[in-house]
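So this block is data.csv, CSV, C-alpha atoms:
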```csv
chain,number,residue,atom,x,y,z
A,1,MET,CA,-17.4,27.8,-8.7
A,2,VAL,CA,-17.3,24.7,-6.5
A,3,ARG,CA,-13.9,23.8,-5.3
A,4,LYS,CA,-13.1,20.1,-4.9
A,5,LEU,CA,-12.4,19.1,-1.4
A,6,ASP,CA,-8.9,18.0,-0.3
A,7,THR,CA,-9.3,14.2,0.2
A,8,THR,CA,-5.7,13.5,1.2
A,9,ASN,CA,-6.5,11.9,4.5
A,10,THR,CA,-9.2,9.7,2.9
A,11,GLY,CA,-6.5,8.4,0.6
A,12,LEU,CA,-4.1,7.8,3.5
A,13,PHE,CA,-6.8,5.9,5.4
A,14,LYS,CA,-7.5,3.8,2.3
A,15,ARG,CA,-3.8,2.9,1.9
A,16,ALA,CA,-3.5,2.1,5.6
A,17,MET,CA,-6.5,-0.2,5.3
A,18,SER,CA,-4.9,-1.9,2.2
A,19,ARG,CA,-1.7,-2.6,4.1
A,20,THR,CA,-3.7,-4.2,6.9
A,21,GLY,CA,-5.4,-6.5,4.4
A,22,ALA,CA,-2.1,-7.3,2.7
A,23,GLY,CA,-0.7,-8.6,6.0
A,24,GLY,CA,-3.3,-11.3,6.1
A,25,GLY,CA,-5.8,-9.6,8.3
A,26,SER,CA,-9.4,-9.0,7.1
A,27,ASN,CA,-10.6,-5.5,6.7
A,28,SER,CA,-14.0,-6.8,7.7
A,29,ALA,CA,-12.8,-7.3,11.2
A,30,LEU,CA,-11.8,-3.7,11.5
A,31,PHE,CA,-14.2,-1.8,13.8
A,32,GLY,CA,-16.2,-4.9,14.1
A,33,LEU,CA,-17.6,-4.2,10.6
A,34,SER,CA,-19.7,-6.7,8.7
A,35,SER,CA,-18.1,-5.6,5.4
A,36,ALA,CA,-15.1,-3.5,4.3
A,37,VAL,CA,-15.1,0.3,4.9
A,38,ARG,CA,-16.2,2.1,1.7
A,39,TYR,CA,-14.8,5.4,0.5
A,40,ARG,CA,-17.2,7.7,-1.2
A,41,GLU,CA,-17.6,11.4,-2.1
A,42,ILE,CA,-21.2,11.8,-1.1
A,43,PRO,CA,-23.5,14.6,-2.1
A,44,LEU,CA,-24.2,16.6,1.0
A,45,ALA,CA,-27.9,16.5,0.2
A,46,GLN,CA,-27.8,12.7,1.0
A,47,ILE,CA,-26.2,13.2,4.4
A,48,GLU,CA,-28.1,14.0,7.6
A,49,PRO,CA,-27.0,14.7,11.1
A,50,ASN,CA,-27.6,12.1,13.9
A,51,PRO,CA,-30.8,13.2,15.6
A,52,GLY,CA,-29.3,12.2,18.9
A,53,GLN,CA,-26.3,14.4,18.4
A,54,PRO,CA,-26.5,17.4,20.8
A,55,ARG,CA,-24.5,19.6,18.4
A,56,ARG,CA,-27.2,19.3,15.8
A,57,ASN,CA,-27.7,22.5,13.8
A,58,ALA,CA,-24.7,24.0,15.6
A,59,ARG,CA,-23.6,27.1,13.8
A,60,GLY,CA,-21.7,30.2,14.9
A,61,ALA,CA,-18.1,31.3,15.5
A,62,GLU,CA,-16.8,27.7,15.9
A,63,ILE,CA,-18.3,26.5,12.6
A,64,ALA,CA,-17.2,29.7,10.9
A,65,ALA,CA,-13.7,29.2,12.0
A,66,LEU,CA,-13.7,25.6,10.8
A,67,ALA,CA,-15.2,26.6,7.5
A,68,ALA,CA,-12.4,29.2,7.1
A,69,SER,CA,-9.8,26.5,7.8
A,70,ILE,CA,-11.4,24.1,5.3
A,71,GLU,CA,-11.4,26.9,2.7
A,72,GLN,CA,-7.7,27.5,3.2
A,73,LYS,CA,-6.4,24.0,3.9
A,74,GLY,CA,-9.0,21.6,2.6
A,75,LEU,CA,-10.8,19.0,4.7
A,76,LEU,CA,-8.3,17.1,6.8
A,77,GLN,CA,-10.6,14.4,8.0
A,78,PRO,CA,-13.4,12.7,6.1
A,79,LEU,CA,-16.9,12.4,7.6
A,80,ASN,CA,-17.7,9.1,9.2
A,81,VAL,CA,-21.2,8.0,8.2
A,82,ARG,CA,-23.4,4.9,7.9
A,83,GLU,CA,-26.0,4.1,5.3
A,84,VAL,CA,-29.5,4.2,6.8
A,85,ALA,CA,-31.4,3.8,3.5
A,86,PRO,CA,-30.4,3.6,-0.2
A,87,ASP,CA,-28.4,6.8,-0.8
A,88,ARG,CA,-29.2,8.2,2.6
A,89,PHE,CA,-26.4,8.5,5.1
A,90,GLN,CA,-26.3,9.4,8.8
A,91,ILE,CA,-23.3,11.1,10.4
A,92,ILE,CA,-21.4,9.0,13.0
A,93,ALA,CA,-18.7,11.6,13.5
A,94,GLY,CA,-17.9,14.9,11.9
A,95,GLU,CA,-21.0,17.0,12.4
A,96,ARG,CA,-19.1,20.2,12.8
A,97,ARG,CA,-17.4,19.4,9.5
A,98,TYR,CA,-20.8,18.8,7.9
A,99,TRP,CA,-22.1,22.2,9.0
A,100,ALA,CA,-18.9,23.9,7.9
A,101,LEU,CA,-19.2,22.3,4.4
A,102,MET,CA,-22.9,23.3,4.3
A,103,SER,CA,-21.9,26.9,5.1
A,104,LEU,CA,-19.4,26.8,2.2
A,105,GLU,CA,-22.1,25.5,-0.1
A,106,ARG,CA,-20.1,22.5,-1.1
A,107,ALA,CA,-21.8,19.9,-3.2
A,108,THR,CA,-20.1,16.8,-1.8
A,109,ALA,CA,-18.0,15.6,1.1
A,110,PRO,CA,-15.5,12.7,1.3
A,111,ALA,CA,-16.7,10.1,3.7
A,112,LEU,CA,-15.9,6.8,5.2
A,113,VAL,CA,-19.0,4.7,5.1
A,114,LEU,CA,-18.9,2.3,8.1
A,115,ASP,CA,-21.3,-0.7,8.0
A,116,THR,CA,-21.7,-1.4,11.7
A,117,ASP,CA,-24.3,-1.5,14.4
A,118,ASP,CA,-21.7,-2.0,17.1
A,119,VAL,CA,-22.7,0.7,19.7
A,120,GLN,CA,-19.3,0.6,21.3
A,121,VAL,CA,-17.6,1.2,18.0
A,122,LEU,CA,-19.8,4.0,17.0
A,123,ALA,CA,-19.3,5.7,20.4
A,124,LEU,CA,-15.5,5.3,20.2
A,125,ILE,CA,-15.3,6.7,16.7
A,126,GLU,CA,-17.5,9.7,17.7
A,127,ASN,CA,-15.5,10.2,20.9
A,128,VAL,CA,-12.1,10.4,19.2
A,129,GLN,CA,-13.3,13.2,17.0
A,130,ARG,CA,-14.7,15.4,19.7
A,131,VAL,CA,-12.9,18.8,19.8
A,132,ASP,CA,-13.6,19.1,23.5
A,133,LEU,CA,-12.3,15.7,24.5
A,134,HIS,CA,-9.5,15.7,27.1
A,135,PRO,CA,-6.2,14.1,26.0
A,136,VAL,CA,-6.5,11.4,28.6
A,137,ASP,CA,-10.0,10.4,27.4
A,138,LEU,CA,-8.9,10.6,23.8
A,139,ALA,CA,-5.9,8.3,24.6
A,140,LEU,CA,-8.3,5.9,26.3
A,141,SER,CA,-10.7,5.9,23.3
A,142,LEU,CA,-7.8,5.4,20.8
A,143,LYS,CA,-6.5,2.6,22.9
A,144,GLY,CA,-9.9,1.0,22.7
A,145,LEU,CA,-10.0,1.2,19.0
A,146,ILE,CA,-6.4,0.0,18.6
A,147,GLY,CA,-6.5,-2.7,21.2
A,148,ASP,CA,-10.1,-4.0,21.2
A,149,LYS,CA,-11.2,-3.3,17.6
A,150,GLY,CA,-8.0,-4.1,15.7
A,151,LEU,CA,-7.2,-0.6,14.4
A,152,THR,CA,-3.6,0.2,13.6
A,153,GLN,CA,-2.0,3.3,14.9
A,154,GLU,CA,-1.7,4.5,11.3
A,155,GLN,CA,-5.5,4.1,10.8
A,156,ALA,CA,-6.3,5.8,14.1
A,157,ALA,CA,-4.1,8.7,13.1
A,158,VAL,CA,-6.1,9.3,10.0
A,159,LEU,CA,-9.3,9.2,11.9
A,160,ILE,CA,-8.2,12.1,14.1
A,161,GLY,CA,-6.2,13.9,11.4
A,162,LYS,CA,-2.9,13.4,13.1
A,163,SER,CA,0.4,11.6,12.4
A,164,GLN,CA,1.1,8.0,13.5
A,165,GLU,CA,3.8,9.3,15.8
A,166,TYR,CA,1.3,11.6,17.5
A,167,VAL,CA,-1.1,8.7,18.1
A,168,ALA,CA,1.8,6.6,19.5
A,169,ARG,CA,2.9,9.4,21.9
A,170,LEU,CA,-0.7,10.2,22.8
A,171,VAL,CA,-1.5,6.6,23.8
A,172,GLY,CA,1.8,6.6,25.6
A,173,ILE,CA,0.5,9.1,28.2
A,174,LEU,CA,-1.5,6.2,29.7
A,175,ARG,CA,1.8,5.0,31.2
A,176,LEU,CA,1.6,7.9,33.6
A,177,PRO,CA,0.7,7.0,37.2
A,178,ALA,CA,-3.0,6.5,37.7
A,179,ASP,CA,-3.3,9.4,40.2
A,180,ILE,CA,-1.8,11.8,37.7
A,181,LEU,CA,-4.1,10.6,35.0
A,182,ASP,CA,-7.0,11.1,37.3
A,183,ASP,CA,-5.8,14.6,38.3
A,184,ALA,CA,-4.9,15.8,34.8
A,185,PRO,CA,-8.5,16.8,33.8
A,186,ASN,CA,-8.6,19.1,36.8
A,187,HIS,CA,-6.0,21.3,35.0
A,188,PRO,CA,-7.4,22.6,31.8
A,189,GLN,CA,-4.1,24.3,31.0
A,190,VAL,CA,-2.3,20.9,30.7
A,191,SER,CA,-2.0,20.1,27.1
A,192,ALA,CA,-1.6,16.8,25.3
A,193,SER,CA,2.0,17.8,24.5
A,194,LEU,CA,2.8,18.4,28.2
A,195,LEU,CA,1.4,15.0,29.2
A,196,MET,CA,3.4,13.3,26.3
A,197,GLU,CA,6.6,14.9,27.5
A,198,LEU,CA,6.0,13.8,31.1
A,199,ALA,CA,5.2,10.3,30.1
A,200,GLU,CA,8.5,10.1,28.3
A,201,LEU,CA,10.5,11.4,31.2
A,202,GLY,CA,11.4,7.9,32.5
A,203,ASP,CA,11.9,9.0,36.1
A,204,GLU,CA,8.9,8.8,38.4
A,205,ALA,CA,10.5,10.9,41.2
A,206,ALA,CA,11.3,13.7,38.7
A,207,LEU,CA,7.9,13.3,37.1
A,208,ARG,CA,6.1,13.8,40.4
A,209,ALA,CA,8.3,16.8,41.3
A,210,LEU,CA,7.3,18.4,38.0
A,211,TRP,CA,3.7,17.5,38.4
A,212,ALA,CA,3.7,19.2,41.8
A,213,ARG,CA,4.4,22.4,39.8
A,214,VAL,CA,1.5,22.0,37.4
A,215,GLY,CA,-0.6,24.5,39.2
A,216,GLU,CA,2.1,27.1,38.8
A,217,GLY,CA,2.0,26.9,35.0
A,218,LEU,CA,4.4,24.1,34.2
A,219,THR,CA,5.4,24.3,30.5
A,220,VAL,CA,6.5,21.8,27.9
A,221,LYS,CA,9.8,23.7,27.6
A,222,GLU,CA,10.5,23.0,31.3
A,223,VAL,CA,9.7,19.3,31.0
A,224,ARG,CA,12.0,19.0,28.0
A,225,ALA,CA,14.8,20.7,29.9
A,226,ALA,CA,14.3,18.1,32.7
A,227,LYS,CA,14.6,15.4,30.1
A,228,ARG,CA,17.8,16.8,28.7
A,229,GLU,CA,19.3,17.1,32.2
A,230,ARG,CA,18.4,13.5,32.9
A,231,ARG,CA,20.1,12.3,29.7
A,232,GLU,CA,23.2,14.3,30.5
A,233,ILE,CA,23.6,12.7,33.9
A,234,ARG,CA,25.7,9.6,33.4
A,235,PRO,CA,26.1,6.9,36.0
A,236,PRO,CA,29.7,6.7,37.3
A,237,ALA,CA,31.9,4.4,35.3
A,238,ALA,CA,32.3,1.0,36.8
A,239,ALA,CA,35.8,0.3,38.3
A,240,PRO,CA,38.0,-1.5,35.8
A,241,ALA,CA,38.2,-5.3,36.4
A,242,THR,CA,41.3,-6.6,38.1
A,243,PRO,CA,43.5,-8.8,35.9
A,244,SER,CA,42.6,-11.9,37.9
A,245,ALA,CA,38.9,-11.2,37.4
A,246,LEU,CA,39.3,-11.7,33.7
A,247,TYR,CA,39.9,-15.4,34.3
A,248,VAL,CA,36.5,-15.9,36.0
A,249,PRO,CA,34.4,-16.5,32.8
A,250,VAL,CA,37.1,-18.7,31.3
A,251,LEU,CA,37.4,-20.8,34.4
A,252,ARG,CA,33.6,-21.1,34.6
A,253,SER,CA,33.5,-22.4,31.0
A,254,LEU,CA,36.4,-24.8,31.6
A,255,ARG,CA,34.8,-26.1,34.8
A,256,THR,CA,31.6,-26.9,32.9
A,257,SER,CA,33.6,-28.7,30.1
A,258,VAL,CA,35.5,-30.8,32.6
A,259,LEU,CA,32.3,-31.8,34.3
A,260,LYS,CA,30.8,-32.9,31.0
A,261,LEU,CA,33.9,-34.9,30.2
A,262,ARG,CA,33.7,-36.6,33.7
A,263,ASN,CA,30.0,-37.4,33.1
A,264,LEU,CA,30.8,-39.0,29.7
A,265,SER,CA,33.6,-41.1,31.4
A,266,ASP,CA,31.3,-42.2,34.2
A,267,GLU,CA,28.7,-43.3,31.6
A,268,GLY,CA,31.3,-45.6,30.1
A,269,THR,CA,31.8,-43.5,26.9
A,270,ARG,CA,35.4,-44.0,25.7
A,271,ILE,CA,37.6,-41.5,23.9
A,272,ASP,CA,39.7,-42.4,20.9
A,273,GLU,CA,43.4,-41.9,20.6
A,274,ASP,CA,43.2,-38.5,18.8
A,275,GLN,CA,40.9,-37.2,21.4
A,276,ARG,CA,43.2,-38.4,24.2
A,277,ARG,CA,46.2,-36.6,22.5
A,278,GLU,CA,44.1,-33.4,22.3
A,279,LEU,CA,43.2,-33.6,26.0
A,280,LEU,CA,46.9,-34.1,26.8
A,281,THR,CA,47.8,-31.0,24.7
A,282,LEU,CA,45.2,-29.0,26.6
A,283,ARG,CA,46.5,-30.2,29.9
A,284,ASN,CA,50.0,-29.2,29.0
A,285,ALA,CA,48.8,-25.8,28.0
A,286,ILE,CA,47.1,-25.4,31.4
A,287,ASP,CA,50.2,-26.5,33.2
A,288,ALA,CA,52.2,-23.9,31.2
A,289,VAL,CA,49.8,-21.2,32.3
A,290,LEU,CA,50.0,-22.3,35.9
A,291,ASN,CA,53.8,-22.3,35.8
A,292,GLU,CA,53.9,-18.8,34.3
A,293,THR,CA,51.6,-17.6,37.0
A,294,LEU,CA,53.8,-19.1,39.7
A,295,ASP,CA,56.9,-17.7,38.2
A,296,GLY,CA,55.3,-14.3,38.0
```

Would you mind writing the structure in this file as structure tokens?
Amino acid sequence: MVRKLDTTNTGLFKRAMSRTGAGGGSNSALFGLSSAVRYREIPLAQIEPNPGQPRRNARGAEIAALAASIEQKGLLQPLNVREVAPDRFQIIAGERRYWALMSLERATAPALVLDTDDVQVLALIENVQRVDLHPVDLALSLKGLIGDKGLTQEQAAVLIGKSQEYVARLVGILRLPADILDDAPNHPQVSASLLMELAELGDEAALRALWARVGEGLTVKEVRAAKRERREIRPPAAAPATPSALYVPVLRSLRTSVLKLRNLSDEGTRIDEDQRRELLTLRNAIDAVLNETLDG
């Protein structure tokens, strides 16, 4: 019995695309495409690997583990393909998923059919779906798709099978100092989660102190503890303003108003009788304040 694939993420991507179009943008601009992305459940017999893909015909423990995951949870990401001939499709990204589906003897696969010859686009899409891609490189590729190709974070999230929040936090690691971003790939134990937490620390001195311990096995838990400590440290309360200081903004405003009145008078603008009485009332009120201050 052939089980139908879980196409949840394909639906999410389609809805994300629809929201982009509803906002006035054109889906044809997405990824530099010449026409809208199409969504199809394609017979596996009509799909072929990219002959230039080094993982071609990859089978073994990695594919078996992925097949087991698909069997249990469904396919979390559609294949990305392009049509190379009528009813013939070549994989842009997702070759491991293709071989896993083949091993499960599935008849079809949900796929995003991308109509593009943009080499940069194809490389970026393939790059963001590599399992061995370092978090920094993945963040850079996603930034390229989001910034240069008009992808939204929501759409990028579906491409990699993650949440929009995850994509936002992942791209956020690019705020880390350049030397740390350069050094990160030298530490295979450093996870995307650790880099995200460090990027959100908000204190470069504390960040560098923590990074100095990365070779000792710095953990996400330790970085989160540092974040909590930083939030709990409150700057000392400012000394309360002296009573006389409270007059400063009022006097500044009054001075500005008097200057405007003087300018009007110098320009020959005359006030009427009602305005004169109002000014006299204000002057009497100021005199009263001055007298109270002297008496005090």

Q.
I'd like the neighbourhood of region 256-264 of chain A as a PyMOL selection string, where a residue qualifies if any of its atoms comes within 12 Å (using all atoms listed in the file), though same-chain residues fewer than 6 positions away should be ignored.
A. chain A and resi 249-250+270-271+275-276+279+282-283

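The two atoms in question, CA of Leu142 (chain A) and CA of Val167 (chain A), are spaced 7.9 Å apart.
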
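Our summary of the geometry notes that CA of Asp137 (chain A) is positioned 13.4 Å from CA of Leu176 (chain A).
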
Q: Give as a ChimeraX atom specification the set of residues within 9 Å of the point (-29.6, 8.0, 2.1), where distances use the file's coordinates and only C-alpha atoms.
A: /A:45-48,83-90

Q: Would you list the residues near (-1.6, 4.4, 11.6), meaning any protein, DNA or RNA residue with an atom at most 7 Å from that point in file coordinates, counting all atoms listed in the file, as a ChimeraX atom specification?
A: /A:16,152-158,164
